[in-house]
$ cat target17.txt   # compact mmCIF, C-alpha atoms
# COMPACT_ATOMS: atom_id res chain seq x y z
CA MET Z 30 0.00 0.00 0.00
CA GLY Z 31 2.88 2.35 0.70
CA ASP Z 32 4.14 1.91 -2.89
CA LEU Z 33 0.77 2.90 -4.34
CA ILE Z 34 0.76 6.15 -2.40
CA GLY Z 35 4.36 6.79 -3.43
CA GLU Z 36 3.47 6.32 -7.11
CA ARG Z 37 0.56 8.74 -6.98
CA ALA Z 38 2.32 11.48 -5.03
CA PRO Z 39 4.21 13.10 -7.96
CA PHE Z 40 1.09 13.18 -10.18
CA MET Z 41 -1.44 14.63 -7.77
CA PRO Z 42 0.39 17.85 -6.78
CA ARG Z 43 1.15 18.70 -10.42
CA GLU Z 44 -2.53 18.27 -11.39
CA SER Z 45 -3.60 20.22 -8.34
CA ARG Z 46 -1.20 23.09 -9.17
CA ALA Z 47 -2.51 23.27 -12.75
CA LEU Z 48 -6.11 23.35 -11.51
CA THR Z 49 -5.24 26.05 -8.97
CA ARG Z 50 -3.44 28.19 -11.60
CA ALA Z 51 -6.30 27.86 -14.09
CA THR Z 52 -8.87 28.61 -11.38
CA ARG Z 53 -7.02 31.70 -10.16
CA ALA Z 54 -6.63 32.96 -13.73
CA ARG Z 55 -10.31 32.44 -14.50
CA ALA Z 56 -11.42 34.03 -11.23
CA ALA Z 57 -9.26 37.10 -11.90
CA ASP Z 58 -10.18 37.34 -15.59
CA ARG Z 59 -13.95 36.94 -15.10
CA GLY Z 60 -14.27 38.48 -11.62
CA LEU Z 61 -15.69 35.28 -10.16
CA PRO Z 62 -15.53 33.82 -6.67
CA TYR Z 63 -12.87 31.11 -6.41
CA GLN Z 64 -15.33 28.19 -6.00
CA GLN Z 65 -17.39 29.22 -9.04
CA ALA Z 66 -14.25 29.65 -11.13
CA ARG Z 67 -13.03 26.21 -10.00
CA ALA Z 68 -16.33 24.58 -10.98
CA GLU Z 69 -16.16 26.26 -14.41
CA VAL Z 70 -12.53 25.19 -14.95
CA ILE Z 71 -13.45 21.59 -14.12
CA GLU Z 72 -16.41 21.72 -16.54
CA ILE Z 73 -14.26 23.29 -19.29
CA HIS Z 74 -11.58 20.64 -18.78
CA ALA Z 75 -14.20 17.86 -19.01
CA ARG Z 76 -15.54 19.37 -22.25
CA ALA Z 77 -12.01 19.62 -23.67
CA GLU Z 78 -11.35 15.96 -22.95
CA SER Z 79 -14.72 14.69 -24.20
CA ASP Z 80 -14.66 16.74 -27.43
CA ASP Z 81 -10.93 16.21 -28.06
CA MET Z 82 -9.98 19.89 -28.05
CA SER Z 83 -7.50 22.06 -26.23
CA PHE Z 84 -8.42 23.79 -22.99
CA ALA Z 85 -8.35 27.18 -24.77
CA GLU Z 86 -10.76 25.94 -27.48
CA ALA Z 87 -13.10 24.44 -24.89
CA GLN Z 88 -12.98 27.67 -22.88
CA ALA Z 89 -13.90 29.70 -25.98
CA VAL Z 90 -16.92 27.44 -26.60
CA TYR Z 91 -17.91 27.61 -22.92
CA ASP Z 92 -17.64 31.43 -22.84
CA ASP Z 93 -19.47 32.02 -26.14
CA PRO Z 94 -22.70 33.93 -25.33
CA LEU Z 95 -24.59 31.80 -27.87
CA ASN Z 96 -23.86 28.74 -25.72
CA GLN Z 97 -25.34 30.26 -22.53
CA LEU Z 98 -28.62 28.86 -21.23
CA LEU Z 99 -31.70 30.77 -22.43
CA CYS Z 100 -34.45 28.80 -20.69
CA HIS Z 101 -34.15 26.52 -17.68
CA ARG Z 102 -37.43 24.79 -18.52
CA CYS Z 103 -36.67 23.60 -22.06
CA GLY Z 104 -32.86 23.78 -22.02
CA TRP Z 105 -32.47 25.95 -25.11
CA LEU Z 106 -29.30 28.00 -25.52
CA ASN Z 107 -29.09 31.61 -26.73
CA GLY Z 108 -27.94 30.40 -30.16
CA MET Z 109 -31.17 28.46 -30.58
CA THR Z 110 -33.46 31.49 -30.17
CA CYS Z 111 -36.31 31.63 -32.65
CA PRO Z 112 -35.85 34.78 -34.81
CA GLN Z 113 -39.59 35.09 -35.42
CA CYS Z 114 -40.83 35.21 -31.85
CA GLY Z 115 -37.65 35.64 -29.82
CA GLY Z 116 -38.67 32.59 -27.88
CA CYS Z 117 -37.25 29.37 -26.68
CA GLY Z 118 -38.30 25.76 -27.10
CA CYS Z 119 -41.40 26.32 -25.02
CA PHE Z 120 -43.48 26.84 -28.17
CA ASN Z 121 -45.90 29.72 -27.74
CA ALA Z 122 -47.91 29.52 -31.01
CA VAL Z 123 -46.96 33.12 -31.86
CA CYS Z 124 -44.87 32.24 -34.91
CA SER Z 125 -44.77 29.63 -37.65
CA GLY Z 126 -42.52 27.50 -35.48
CA TRP Z 127 -39.89 26.47 -38.02
CA ARG Z 128 -37.06 27.00 -35.52
CA HIS Z 129 -39.05 25.26 -32.84
CA ASP Z 130 -39.49 22.26 -35.14
CA GLU Z 131 -35.75 22.23 -35.83
CA TYR Z 132 -34.85 21.67 -32.17
CA MET Z 133 -37.88 19.70 -30.98
CA HIS Z 134 -37.71 16.02 -30.20
CA GLU Z 135 -39.58 13.86 -32.72
CA ASP Z 136 -42.32 13.09 -30.19
CA GLU Z 137 -42.84 16.78 -29.40
CA ARG Z 138 -42.94 17.66 -33.09
CA ALA Z 139 -45.49 14.96 -33.86
CA GLU Z 140 -47.65 15.99 -30.92
CA ARG Z 141 -47.62 19.69 -31.92
CA ASN Z 142 -48.39 18.99 -35.57
CA ALA Z 143 -51.03 16.35 -34.93
CA CYS Z 144 -54.61 16.97 -35.91
CA PRO Z 145 -56.73 17.04 -32.75
CA GLU Z 146 -59.42 14.94 -34.42
CA CYS Z 147 -57.54 12.22 -36.29
CA GLY Z 148 -53.89 12.62 -35.20
CA GLY Z 149 -52.63 13.14 -38.78
CA ASP Z 150 -49.85 15.58 -39.66
CA THR Z 151 -51.42 19.02 -40.18
CA THR Z 152 -48.24 20.72 -41.49
CA THR Z 153 -47.97 18.63 -44.64
CA GLY Z 154 -51.58 17.57 -44.99
CA TYR Z 155 -50.59 13.94 -45.12
CA ASP Z 156 -52.45 11.50 -42.91
CA CYS Z 157 -55.06 14.13 -41.97
CA ARG Z 158 -58.30 13.33 -43.70
CA CYS Z 159 -60.60 15.62 -41.67
CA ASP Z 160 -60.81 18.32 -44.37
CA GLN Z 161 -61.72 15.90 -47.13
$ encode --input "target17.txt" --output "structure tokens"
Amino acid sequence: MGDLIGERAPFMPRESRALTRATRARAADRGLPYQQARAEVIEIHARAESDDMSFAEAQAVYDDPLNQLLCHRCGWLNGMTCPQCGGCGCFNAVCSGWRHDEYMHEDERAERNACPECGGDTTTGYDCRCDQ
């Protein structure tokens, strides 16, 4: 057991120092409290590893205003905003809904476009035989 601890010892402090440096830099650069900056650095590092990109690239994606959360309820990001109604994925029937369709799950799309009487697709006219 002593050997295992001895093997890990050189790795852990180096990783810890890098995390501390990155956290301090982010806290100073963004004016964040240390704990919030640390959580962001950890999330950025995880994104960099999962998407096979550098830390700087992952940080640029993370900090992009288009990638910030727009709506907590539906999970849409600012870059997904519908240009017709300025809305999010919580469809409000104010616009044609083309952007909403683009980001909706198949089940949501089918439910929204379904004819209330027969369940057919009302956007294309296929499968809906109520008007005939």
$ atom_distance --input "target17.txt" --atom1 "atom CA of Z:Asp93" --atom2 "atom CA of Z:Gln64"
20.9 Å
$ closest_residue --input "target17.txt" --among "Z:Arg50, Z:His74, Z:His134, Z:His101" --to "Z:Ala89" --atoms "all atoms listed in the file"
Z:His74
$ atom_distance --input "target17.txt" --atom1 "atom CA of Z:Leu106" --atom2 "atom CA of Z:Ala54"
26.0 Å
$ atom_distance --input "target17.txt" --atom1 "atom CA of Z:Arg55" --atom2 "atom CA of Z:Gly108"
23.7 Å
$ residues_around --input "target17.txt" --residues "Z:Leu48" --least-positions-apart "6" --cutoff "12 Å" --atoms "all atoms listed in the file" --output "compact mmCIF listing (two decimals) with C-alpha atoms, in the frame of the given file"
# COMPACT_ATOMS: atom_id res chain seq x y z
CA MET Z 41 -1.44 14.63 -7.77
CA PRO Z 42 0.39 17.85 -6.78
CA ALA Z 54 -6.63 32.96 -13.73
CA ARG Z 55 -10.31 32.44 -14.50
CA ALA Z 56 -11.42 34.03 -11.23
CA TYR Z 63 -12.87 31.11 -6.41
CA GLN Z 64 -15.33 28.19 -6.00
CA ALA Z 66 -14.25 29.65 -11.13
CA ARG Z 67 -13.03 26.21 -10.00
CA ALA Z 68 -16.33 24.58 -10.98
CA GLU Z 69 -16.16 26.26 -14.41
CA VAL Z 70 -12.53 25.19 -14.95
CA ILE Z 71 -13.45 21.59 -14.12
CA GLU Z 72 -16.41 21.72 -16.54
CA ILE Z 73 -14.26 23.29 -19.29
CA HIS Z 74 -11.58 20.64 -18.78
CA PHE Z 84 -8.42 23.79 -22.99
$ closest_residue --input "target17.txt" --among "Z:Gln65, Z:Glu131, Z:Cys103, Z:Arg59" --to "Z:Gly118" --atoms "only C-alpha atoms"
Z:Cys103
$ closest_residue --input "target17.txt" --among "Z:Asp58, Z:Glu135, Z:Arg46, Z:Glu78" --to "Z:Asp92" --atoms "all atoms listed in the file"
Z:Asp58
